[in-house]
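Just my_file_6.cif here, mmCIF, C-alpha atoms:
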data_coords
loop_
_atom_site.label_atom_id
_atom_site.label_comp_id
_atom_site.auth_asym_id
_atom_site.auth_seq_id
_atom_site.Cartn_x
_atom_site.Cartn_y
_atom_site.Cartn_z
CA MET A 1 18.14 20.76 -2.09
CA PRO A 2 15.21 20.71 -2.40
CA VAL A 3 14.93 23.89 -4.39
CA PRO A 4 11.62 25.72 -3.80
CA HIS A 5 9.66 25.68 -7.05
CA CYS A 6 6.14 25.00 -8.27
CA ILE A 7 4.74 26.11 -4.92
CA ARG A 8 0.97 25.63 -4.45
CA GLY A 9 -0.89 28.78 -5.40
CA THR A 10 1.88 30.16 -7.64
CA GLU A 11 1.85 30.33 -11.42
CA GLY A 12 4.51 27.59 -11.63
CA TRP A 13 2.20 25.20 -9.76
CA GLU A 14 -0.75 25.63 -12.13
CA ILE A 15 -1.31 23.43 -15.17
CA VAL A 16 -0.58 25.62 -18.18
CA GLU A 17 -3.62 26.73 -20.13
CA GLN A 18 -2.63 24.77 -23.25
CA LEU A 19 -2.64 21.48 -21.29
CA ARG A 20 -5.87 22.01 -19.34
CA PRO A 21 -8.11 20.40 -21.98
CA ALA A 22 -5.90 17.28 -22.01
CA SER A 23 -5.93 17.08 -18.21
CA ALA A 24 -9.72 17.21 -17.88
CA GLY A 25 -10.95 14.04 -16.21
CA GLN A 26 -7.41 12.79 -15.57
CA ALA A 27 -5.79 12.00 -12.23
CA ILE A 28 -3.93 15.08 -11.05
CA LEU A 29 -1.34 14.35 -8.38
CA ASP A 30 0.01 17.00 -6.06
CA LYS A 31 3.53 15.92 -5.19
CA PRO A 32 5.36 17.27 -2.15
CA SER A 33 8.84 16.56 -3.52
CA PHE A 34 10.68 15.84 -6.76
CA GLY A 35 9.57 12.24 -7.25
CA SER A 36 6.00 11.10 -6.55
CA ALA A 37 5.52 7.76 -4.82
CA GLU A 38 1.79 8.31 -5.33
CA LEU A 39 2.40 8.38 -9.10
CA GLY A 40 4.40 5.17 -8.80
CA ARG A 41 1.66 3.40 -6.86
CA LEU A 42 -1.06 4.59 -9.24
CA LEU A 43 0.85 3.40 -12.30
CA ALA A 44 1.79 0.10 -10.64
CA GLU A 45 -1.91 -0.59 -10.01
CA GLU A 46 -2.76 0.23 -13.63
CA ASN A 47 0.18 -1.87 -14.84
CA GLU A 48 -1.26 -4.87 -12.96
CA LYS A 49 -4.56 -4.47 -14.83
CA GLU A 50 -3.01 -3.85 -18.24
CA LEU A 51 0.65 -3.64 -19.18
CA ILE A 52 1.76 -0.03 -19.57
CA GLU A 53 3.83 0.19 -22.74
CA LYS A 54 4.73 3.87 -22.60
CA VAL A 55 4.65 6.80 -20.18
CA THR A 56 5.11 10.39 -21.29
CA LEU A 57 6.32 12.82 -18.65
CA ILE A 58 6.28 16.58 -19.13
CA GLY A 59 7.35 19.34 -16.82
CA LEU A 60 9.09 22.61 -16.32
CA CYS A 61 12.12 21.26 -14.45
CA THR A 62 13.34 18.42 -16.65
CA ASP A 63 16.59 18.02 -14.72
CA ILE A 64 14.76 17.67 -11.40
CA CYS A 65 11.13 16.56 -11.42
CA VAL A 66 10.85 14.86 -14.80
CA ILE A 67 13.97 12.74 -14.30
CA SER A 68 13.00 11.96 -10.70
CA ASN A 69 9.56 10.76 -11.80
CA ALA A 70 10.99 8.77 -14.70
CA LEU A 71 13.03 6.84 -12.11
CA VAL A 72 9.92 6.39 -9.94
CA VAL A 73 7.95 5.04 -12.91
CA LYS A 74 10.78 2.64 -13.80
CA ALA A 75 11.00 1.40 -10.21
CA PHE A 76 7.26 0.86 -9.74
CA CYS A 77 6.37 -0.45 -13.20
CA ARG A 78 8.78 -3.23 -13.96
CA ARG A 79 7.68 -5.45 -16.81
CA GLN A 80 5.20 -7.95 -15.40
CA ARG A 81 4.66 -10.09 -18.49
#

Would you write out, as structure tokens, the structure that this file holds?
Amino acid sequence: MPVPHCIRGTEGWEIVEQLRPASAGQAILDKPSFGSAELGRLLAEENEKELIEKVTLIGLCTDICVISNALVVKAFCRRQR
């Protein structure tokens, strides 16, 4: 590990066409590994402003990146209130 996948400039790295409209104007994070500390910090900041009730994660590698980022979100966004 890590397994090379979703490499910048490859088709697996691109946001799929069906999701591009939903991603317009949204923060797009380029993560160098499975879990994204940048995602955790961004959500923690937002959680301080207003409690985040729900996070939806999508991805191609559910058993790697999605689970890793679910753990990051849980670690960074503990219930504040």

Selection result of the PyMOL selection byres ((chain A and resi 33) around 12) on this file, as an mmCIF file with C-alpha atoms, in the coordinates of the input:
data_model
loop_
_atom_site.group_PDB
_atom_site.id
_atom_site.type_symbol
_atom_site.label_atom_id
_atom_site.label_comp_id
_atom_site.auth_asym_id
_atom_site.auth_seq_id
_atom_site.Cartn_x
_atom_site.Cartn_y
_atom_site.Cartn_z
ATOM 1 C CA MET A 1 18.140 20.760 -2.090
ATOM 2 C CA PRO A 2 15.210 20.710 -2.400
ATOM 3 C CA VAL A 3 14.930 23.890 -4.390
ATOM 4 C CA PRO A 4 11.620 25.720 -3.800
ATOM 5 C CA HIS A 5 9.660 25.680 -7.050
ATOM 6 C CA CYS A 6 6.140 25.000 -8.270
ATOM 7 C CA ILE A 7 4.740 26.110 -4.920
ATOM 8 C CA LEU A 29 -1.340 14.350 -8.380
ATOM 9 C CA ASP A 30 0.010 17.000 -6.060
ATOM 10 C CA LYS A 31 3.530 15.920 -5.190
ATOM 11 C CA PRO A 32 5.360 17.270 -2.150
ATOM 12 C CA PHE A 34 10.680 15.840 -6.760
ATOM 13 C CA GLY A 35 9.570 12.240 -7.250
ATOM 14 C CA SER A 36 6.000 11.100 -6.550
ATOM 15 C CA ALA A 37 5.520 7.760 -4.820
ATOM 16 C CA GLU A 38 1.790 8.310 -5.330
ATOM 17 C CA LEU A 39 2.400 8.380 -9.100
ATOM 18 C CA ILE A 64 14.760 17.670 -11.400
ATOM 19 C CA CYS A 65 11.130 16.560 -11.420
ATOM 20 C CA VAL A 66 10.850 14.860 -14.800
ATOM 21 C CA SER A 68 13.000 11.960 -10.700
ATOM 22 C CA ASN A 69 9.560 10.760 -11.800
#

Running the PyMOL selection byres ((chain A and resi 44) around 10) on this model by hand, what would come out? Give it as a tab-separated table (two decimals) with C-alpha atoms, in the coordinates of the input.
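Printed below is out-v2.tsv as written:
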chain	number	residue	atom	x	y	z
A	38	GLU	CA	1.79	8.31	-5.33
A	39	LEU	CA	2.40	8.38	-9.10
A	40	GLY	CA	4.40	5.17	-8.80
A	41	ARG	CA	1.66	3.40	-6.86
A	42	LEU	CA	-1.06	4.59	-9.24
A	43	LEU	CA	0.85	3.40	-12.30
A	45	GLU	CA	-1.91	-0.59	-10.01
A	46	GLU	CA	-2.76	0.23	-13.63
A	47	ASN	CA	0.18	-1.87	-14.84
A	48	GLU	CA	-1.26	-4.87	-12.96
A	49	LYS	CA	-4.56	-4.47	-14.83
A	50	GLU	CA	-3.01	-3.85	-18.24
A	51	LEU	CA	0.65	-3.64	-19.18
A	52	ILE	CA	1.76	-0.03	-19.57
A	73	VAL	CA	7.95	5.04	-12.91
A	74	LYS	CA	10.78	2.64	-13.80
A	75	ALA	CA	11.00	1.40	-10.21
A	76	PHE	CA	7.26	0.86	-9.74
A	77	CYS	CA	6.37	-0.45	-13.20
A	78	ARG	CA	8.78	-3.23	-13.96
A	80	GLN	CA	5.20	-7.95	-15.40

Between atom CA of Gly12 of chain A and atom CA of Thr62 of chain A, distance in Å (one decimal):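 Calculated distance between atom CA of Gly12 of chain A and atom CA of Thr62 of chain A is 13.7 Å.
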
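The interatomic distance for the pair atom CA of Gln18 of chain A and atom CA of Thr56 of chain A works out to 16.4 Å.
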
Please return segment 24-35 of chain A, rebuilt to N, CA, C and O atoms, as a PDB file, in the frame of the given file.
ATOM      1  N   ALA A  24      -8.344  17.348 -18.358  1.00  0.00           N
ATOM      2  CA  ALA A  24      -9.720  17.210 -17.880  1.00  0.00           C
ATOM      3  C   ALA A  24     -10.071  15.742 -17.684  1.00  0.00           C
ATOM      4  O   ALA A  24      -9.857  14.918 -18.562  1.00  0.00           O
ATOM      5  N   GLY A  25     -10.545  15.407 -16.510  1.00  0.00           N
ATOM      6  CA  GLY A  25     -10.950  14.040 -16.210  1.00  0.00           C
ATOM      7  C   GLY A  25      -9.799  13.104 -15.886  1.00  0.00           C
ATOM      8  O   GLY A  25     -10.003  11.916 -15.680  1.00  0.00           O
ATOM      9  N   GLN A  26      -8.586  13.612 -15.859  1.00  0.00           N
ATOM     10  CA  GLN A  26      -7.410  12.790 -15.570  1.00  0.00           C
ATOM     11  C   GLN A  26      -7.023  12.913 -14.096  1.00  0.00           C
ATOM     12  O   GLN A  26      -7.380  13.873 -13.437  1.00  0.00           O
ATOM     13  N   ALA A  27      -6.297  11.940 -13.604  1.00  0.00           N
ATOM     14  CA  ALA A  27      -5.790  12.000 -12.230  1.00  0.00           C
ATOM     15  C   ALA A  27      -4.732  13.102 -12.171  1.00  0.00           C
ATOM     16  O   ALA A  27      -3.800  13.114 -12.964  1.00  0.00           O
ATOM     17  N   ILE A  28      -4.906  14.014 -11.250  1.00  0.00           N
ATOM     18  CA  ILE A  28      -3.930  15.080 -11.050  1.00  0.00           C
ATOM     19  C   ILE A  28      -3.316  14.853  -9.671  1.00  0.00           C
ATOM     20  O   ILE A  28      -4.028  14.811  -8.667  1.00  0.00           O
ATOM     21  N   LEU A  29      -2.025  14.648  -9.627  1.00  0.00           N
ATOM     22  CA  LEU A  29      -1.340  14.350  -8.380  1.00  0.00           C
ATOM     23  C   LEU A  29      -0.563  15.570  -7.901  1.00  0.00           C
ATOM     24  O   LEU A  29       0.176  16.170  -8.665  1.00  0.00           O
ATOM     25  N   ASP A  30      -0.737  15.905  -6.657  1.00  0.00           N
ATOM     26  CA  ASP A  30       0.010  17.000  -6.060  1.00  0.00           C
ATOM     27  C   ASP A  30       1.173  16.364  -5.317  1.00  0.00           C
ATOM     28  O   ASP A  30       0.978  15.632  -4.352  1.00  0.00           O
ATOM     29  N   LYS A  31       2.380  16.585  -5.794  1.00  0.00           N
ATOM     30  CA  LYS A  31       3.530  15.920  -5.190  1.00  0.00           C
ATOM     31  C   LYS A  31       4.292  16.870  -4.275  1.00  0.00           C
ATOM     32  O   LYS A  31       4.550  18.014  -4.632  1.00  0.00           O
ATOM     33  N   PRO A  32       4.671  16.402  -3.108  1.00  0.00           N
ATOM     34  CA  PRO A  32       5.360  17.270  -2.150  1.00  0.00           C
ATOM     35  C   PRO A  32       6.862  17.369  -2.386  1.00  0.00           C
ATOM     36  O   PRO A  32       7.537  18.167  -1.747  1.00  0.00           O
ATOM     37  N   SER A  33       7.402  16.574  -3.284  1.00  0.00           N
ATOM     38  CA  SER A  33       8.840  16.560  -3.520  1.00  0.00           C
ATOM     39  C   SER A  33       9.096  16.278  -4.993  1.00  0.00           C
ATOM     40  O   SER A  33       8.170  16.257  -5.791  1.00  0.00           O
ATOM     41  N   PHE A  34      10.336  16.035  -5.350  1.00  0.00           N
ATOM     42  CA  PHE A  34      10.680  15.840  -6.760  1.00  0.00           C
ATOM     43  C   PHE A  34       9.997  14.615  -7.355  1.00  0.00           C
ATOM     44  O   PHE A  34       9.340  14.702  -8.370  1.00  0.00           O
ATOM     45  N   GLY A  35      10.176  13.467  -6.748  1.00  0.00           N
ATOM     46  CA  GLY A  35       9.570  12.240  -7.250  1.00  0.00           C
ATOM     47  C   GLY A  35       8.284  11.951  -6.493  1.00  0.00           C
ATOM     48  O   GLY A  35       8.158  12.256  -5.314  1.00  0.00           O
TER      49      GLY A  35
END
